[in-house]
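Student: The structure under discussion is supplied below as structure tokens; questions concerning it will follow.
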Amino acid sequence: MITAGVITVSDKGSRGEREDISGKEVMRLIKDIPAVVIEYEIIPDETDIISHKLIELIDEKRIDLVITTGGTGVGPRDVTADVTLGIIEKEIPGMAETMRRESSIKTPYGMISRAVVGIRKQSLIVNLPGSPRGAKENLSAILPALKHTIEKIKGDETDCAV
């Protein structure tokens with residue numbers, strides 16, 4: 001079973017001013033991988049807090065899959081993608097490109113996403129938009145490849161042929 005952490009990055013959500021629909025939708029979708037969510041938290045758009053939380057989940061708790069929602073846009077407080085780039089060891093641009101491509105089919109705003117997907121140690125980090133619709137559409141675009149990706153990160157040597 002894949003272990004997962006879902007982190008919603010939202011100033012308003014962390015203050016209790018907004019319900020976290022995106023994080024709940026992510027938790028619902030990843031059950032089909034199958035994955036079990038062992039960590040869920042709403043944190044503010046603060047570089048140090050985001051970095052600390054991602055490193056804690058991966059380095060200390062050794063969670064296989066960490067999904068963030070929020071902070072992937074171009075606003076002044078959108079720093080999740082920058083933090084992720086600063087802590088990953090390998091980027092997986094094809095997954096982020098797939099999310100942007102699929103999102104851009106539905107809305108022109110999909111092209112301004114700065115979402116990052118990458119590897120730290122033996123964990124996969126996926127940044128999703130903060131909007132419930134954007135989070136669902138982006139995650140759905142890469143969901144079929146997540147289990148295989150995590151197996152490969154962990155050292156699975158079987159062929160990748162489908």
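Residue numbering restarts at 1 in every chain; chains get A, B, ... in the order shown in the structure tokens, and ligands count up from 1 in that same order.
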Find the spatial neighbours of stretch 139-155 of chain A, counting only C-alpha atoms, within a cut-off of 9 Å - ignore same-chain residues fewer than 5 positions away - and output them as a short mmCIF file (atom, residue, chain, number, x, y, z; two decimals) with C-alpha atoms, in the first residue's frame.

Tutor:
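See result-v8.cif below for the written result:
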data_model
loop_
_atom_site.label_atom_id
_atom_site.label_comp_id
_atom_site.auth_asym_id
_atom_site.auth_seq_id
_atom_site.Cartn_x
_atom_site.Cartn_y
_atom_site.Cartn_z
CA ILE A 2 1.27 3.45 -0.94
CA VAL A 26 -7.35 14.72 -3.62
CA LEU A 29 -9.08 10.35 -5.76
CA ILE A 30 -5.87 8.74 -4.53
CA ASP A 32 -7.97 4.31 -6.17
CA ILE A 33 -4.16 4.02 -6.61
CA PRO A 34 -4.51 2.49 -3.91
CA ALA A 35 -3.00 4.85 -1.39
CA ASP A 64 5.70 7.62 -0.57
CA LEU A 65 3.53 10.31 -2.17
CA MET A 95 3.94 14.87 -15.42
CA ALA A 96 3.75 18.63 -14.84
CA THR A 98 0.69 16.67 -18.86
CA MET A 99 -1.22 18.44 -16.09
CA GLU A 102 -4.92 18.83 -19.92
CA SER A 103 -5.84 21.86 -17.85
CA ILE A 119 11.47 13.13 -6.45
CA LYS A 121 14.80 10.45 -1.71
CA GLN A 122 12.24 7.70 -2.44
CA SER A 123 9.18 9.93 -2.44
CA LEU A 124 7.18 11.63 -5.15
CA VAL A 126 3.11 16.50 -6.84
CA LEU A 128 -1.64 20.74 -7.74
CA GLY A 134 -8.04 22.41 -11.05
CA CYS A 160 7.84 -0.37 -18.16
#

Student: Give me the residues within 10 Å of stretch 81-88 of chain A as an mmCIF file with N, CA and C atoms, in the first residue's frame, counting only C-alpha atoms and dropping any in the same chain fewer than 2 places off.

Tutor:
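Printed below is out-v6.cif as written:
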data_model
loop_
_atom_site.group_PDB
_atom_site.id
_atom_site.type_symbol
_atom_site.label_atom_id
_atom_site.label_comp_id
_atom_site.auth_asym_id
_atom_site.auth_seq_id
_atom_site.Cartn_x
_atom_site.Cartn_y
_atom_site.Cartn_z
ATOM 1 N N GLU A 46 3.720 30.056 3.318
ATOM 2 C CA GLU A 46 4.985 30.543 3.881
ATOM 3 C C GLU A 46 6.094 29.574 3.498
ATOM 4 N N THR A 47 7.115 30.083 2.851
ATOM 5 C CA THR A 47 8.207 29.260 2.337
ATOM 6 C C THR A 47 8.771 28.317 3.391
ATOM 7 N N ASP A 48 9.121 28.834 4.554
ATOM 8 C CA ASP A 48 9.742 28.000 5.589
ATOM 9 C C ASP A 48 8.809 26.906 6.092
ATOM 10 N N ILE A 49 7.528 27.233 6.245
ATOM 11 C CA ILE A 49 6.568 26.247 6.737
ATOM 12 C C ILE A 49 6.356 25.141 5.703
ATOM 13 N N ILE A 50 6.227 25.526 4.440
ATOM 14 C CA ILE A 50 6.035 24.532 3.373
ATOM 15 C C ILE A 50 7.254 23.624 3.285
ATOM 16 N N SER A 51 8.436 24.213 3.266
ATOM 17 C CA SER A 51 9.668 23.433 3.174
ATOM 18 C C SER A 51 9.798 22.455 4.337
ATOM 19 N N HIS A 52 9.582 22.957 5.540
ATOM 20 C CA HIS A 52 9.686 22.109 6.730
ATOM 21 C C HIS A 52 8.714 20.937 6.656
ATOM 22 N N LEU A 54 7.234 19.504 3.964
ATOM 23 C CA LEU A 54 7.602 18.539 2.919
ATOM 24 C C LEU A 54 8.783 17.674 3.361
ATOM 25 N N ILE A 55 9.796 18.307 3.931
ATOM 26 C CA ILE A 55 10.973 17.567 4.384
ATOM 27 C C ILE A 55 10.608 16.620 5.522
ATOM 28 N N THR A 68 0.552 18.367 -2.824
ATOM 29 C CA THR A 68 0.188 19.685 -2.322
ATOM 30 C C THR A 68 -0.907 20.263 -3.204
ATOM 31 N N GLY A 70 -2.489 24.169 -4.010
ATOM 32 C CA GLY A 70 -2.313 25.594 -3.761
ATOM 33 C C GLY A 70 -0.884 26.059 -3.962
ATOM 34 N N GLY A 71 -0.754 27.334 -4.306
ATOM 35 C CA GLY A 71 0.563 27.950 -4.433
ATOM 36 C C GLY A 71 1.273 27.680 -5.739
ATOM 37 N N THR A 72 0.518 27.301 -6.794
ATOM 38 C CA THR A 72 1.155 26.985 -8.079
ATOM 39 C C THR A 72 0.986 28.084 -9.110
ATOM 40 N N GLY A 73 0.318 29.161 -8.740
ATOM 41 C CA GLY A 73 0.055 30.243 -9.683
ATOM 42 C C GLY A 73 1.167 31.273 -9.722
ATOM 43 N N ASP A 78 2.186 32.794 -4.044
ATOM 44 C CA ASP A 78 2.261 31.452 -4.645
ATOM 45 C C ASP A 78 3.715 30.978 -4.672
ATOM 46 N N VAL A 79 4.106 30.238 -3.615
ATOM 47 C CA VAL A 79 5.506 29.832 -3.479
ATOM 48 C C VAL A 79 5.703 28.313 -3.403
ATOM 49 N N LYS A 90 15.241 15.223 -8.260
ATOM 50 C CA LYS A 90 14.969 15.011 -9.682
ATOM 51 C C LYS A 90 13.602 15.579 -9.994
ATOM 52 N N GLU A 91 13.515 16.259 -11.116
ATOM 53 C CA GLU A 91 12.232 16.769 -11.574
ATOM 54 C C GLU A 91 11.639 15.773 -12.574
ATOM 55 N N SER A 113 0.029 27.781 -14.772
ATOM 56 C CA SER A 113 0.397 26.956 -13.621
ATOM 57 C C SER A 113 1.902 26.741 -13.592
ATOM 58 N N ARG A 114 2.477 26.845 -12.412
ATOM 59 C CA ARG A 114 3.909 26.582 -12.241
ATOM 60 C C ARG A 114 4.125 25.285 -11.470
ATOM 61 N N ALA A 115 3.131 24.425 -11.468
ATOM 62 C CA ALA A 115 3.196 23.170 -10.716
ATOM 63 C C ALA A 115 4.453 22.381 -11.059
ATOM 64 N N VAL A 116 5.001 21.729 -10.044
ATOM 65 C CA VAL A 116 6.215 20.925 -10.171
ATOM 66 C C VAL A 116 5.889 19.508 -9.704
ATOM 67 N N VAL A 117 6.481 18.535 -10.366
ATOM 68 C CA VAL A 117 6.437 17.148 -9.905
ATOM 69 C C VAL A 117 7.881 16.684 -9.831
ATOM 70 N N GLY A 118 8.250 16.083 -8.708
ATOM 71 C CA GLY A 118 9.636 15.660 -8.570
ATOM 72 C C GLY A 118 9.836 14.632 -7.481
ATOM 73 N N ILE A 119 11.085 14.198 -7.385
ATOM 74 C CA ILE A 119 11.473 13.134 -6.452
ATOM 75 C C ILE A 119 12.431 13.691 -5.413
ATOM 76 N N ARG A 120 12.187 13.327 -4.182
ATOM 77 C CA ARG A 120 13.132 13.562 -3.085
ATOM 78 C C ARG A 120 13.284 12.225 -2.387
ATOM 79 N N LYS A 121 14.511 11.768 -2.291
ATOM 80 C CA LYS A 121 14.799 10.450 -1.706
ATOM 81 C C LYS A 121 13.979 9.400 -2.456
ATOM 82 N N SER A 123 10.545 9.398 -2.495
ATOM 83 C CA SER A 123 9.179 9.931 -2.438
ATOM 84 C C SER A 123 8.896 10.801 -3.652
ATOM 85 N N LEU A 124 7.646 10.805 -4.042
ATOM 86 C CA LEU A 124 7.181 11.629 -5.149
ATOM 87 C C LEU A 124 6.393 12.802 -4.590
ATOM 88 N N ILE A 125 6.710 14.009 -5.068
ATOM 89 C CA ILE A 125 5.975 15.215 -4.690
ATOM 90 C C ILE A 125 5.228 15.697 -5.926
ATOM 91 N N VAL A 126 3.940 15.976 -5.757
ATOM 92 C CA VAL A 126 3.107 16.496 -6.840
ATOM 93 C C VAL A 126 2.448 17.779 -6.350
ATOM 94 N N ASN A 127 2.668 18.869 -7.079
ATOM 95 C CA ASN A 127 1.987 20.135 -6.786
ATOM 96 C C ASN A 127 0.734 20.232 -7.648
ATOM 97 N N LEU A 128 -0.383 20.533 -7.027
ATOM 98 C CA LEU A 128 -1.643 20.739 -7.740
ATOM 99 C C LEU A 128 -2.150 22.146 -7.482
#

Student: I'd like to know which of A:Glu39, A:Glu137, A:Glu60, A:Glu89 is closest to A:Ser22, using only C-alpha atoms.

Tutor: A:Glu137

Student: Can you work out which one of A:Glu25, A:Asp59, A:Asp20, A:Asp11 has the shortest atom-to-atom distance to A:Arg133, counting only C-alpha atoms?

Tutor: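 Between A:Glu25, A:Asp59, A:Asp20, A:Asp11, the residue approaching A:Arg133 most closely is A:Glu25.
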
Student: Please run DSSP on the backbone and report, as a PyMOL selection string, all residues within stretch 91-158 of chain A that come out as helix (DSSP H, G or I).

Tutor: chain A and resi 93-106+108-112+132-153

Student: Rounded to one decimal, what separation in Å do you get between atom CA of A:Thr69 and atom CA of A:Gly110?

Tutor: 14.5 Å

Student: Could you work out how far atom CA of A:Thr158 lies from atom CA of A:Arg100, giving the answer in Å with one decimal?

Tutor: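 Computing the Euclidean distance for atom CA of A:Arg100 and atom CA of A:Thr158 yields 29.0 Å.
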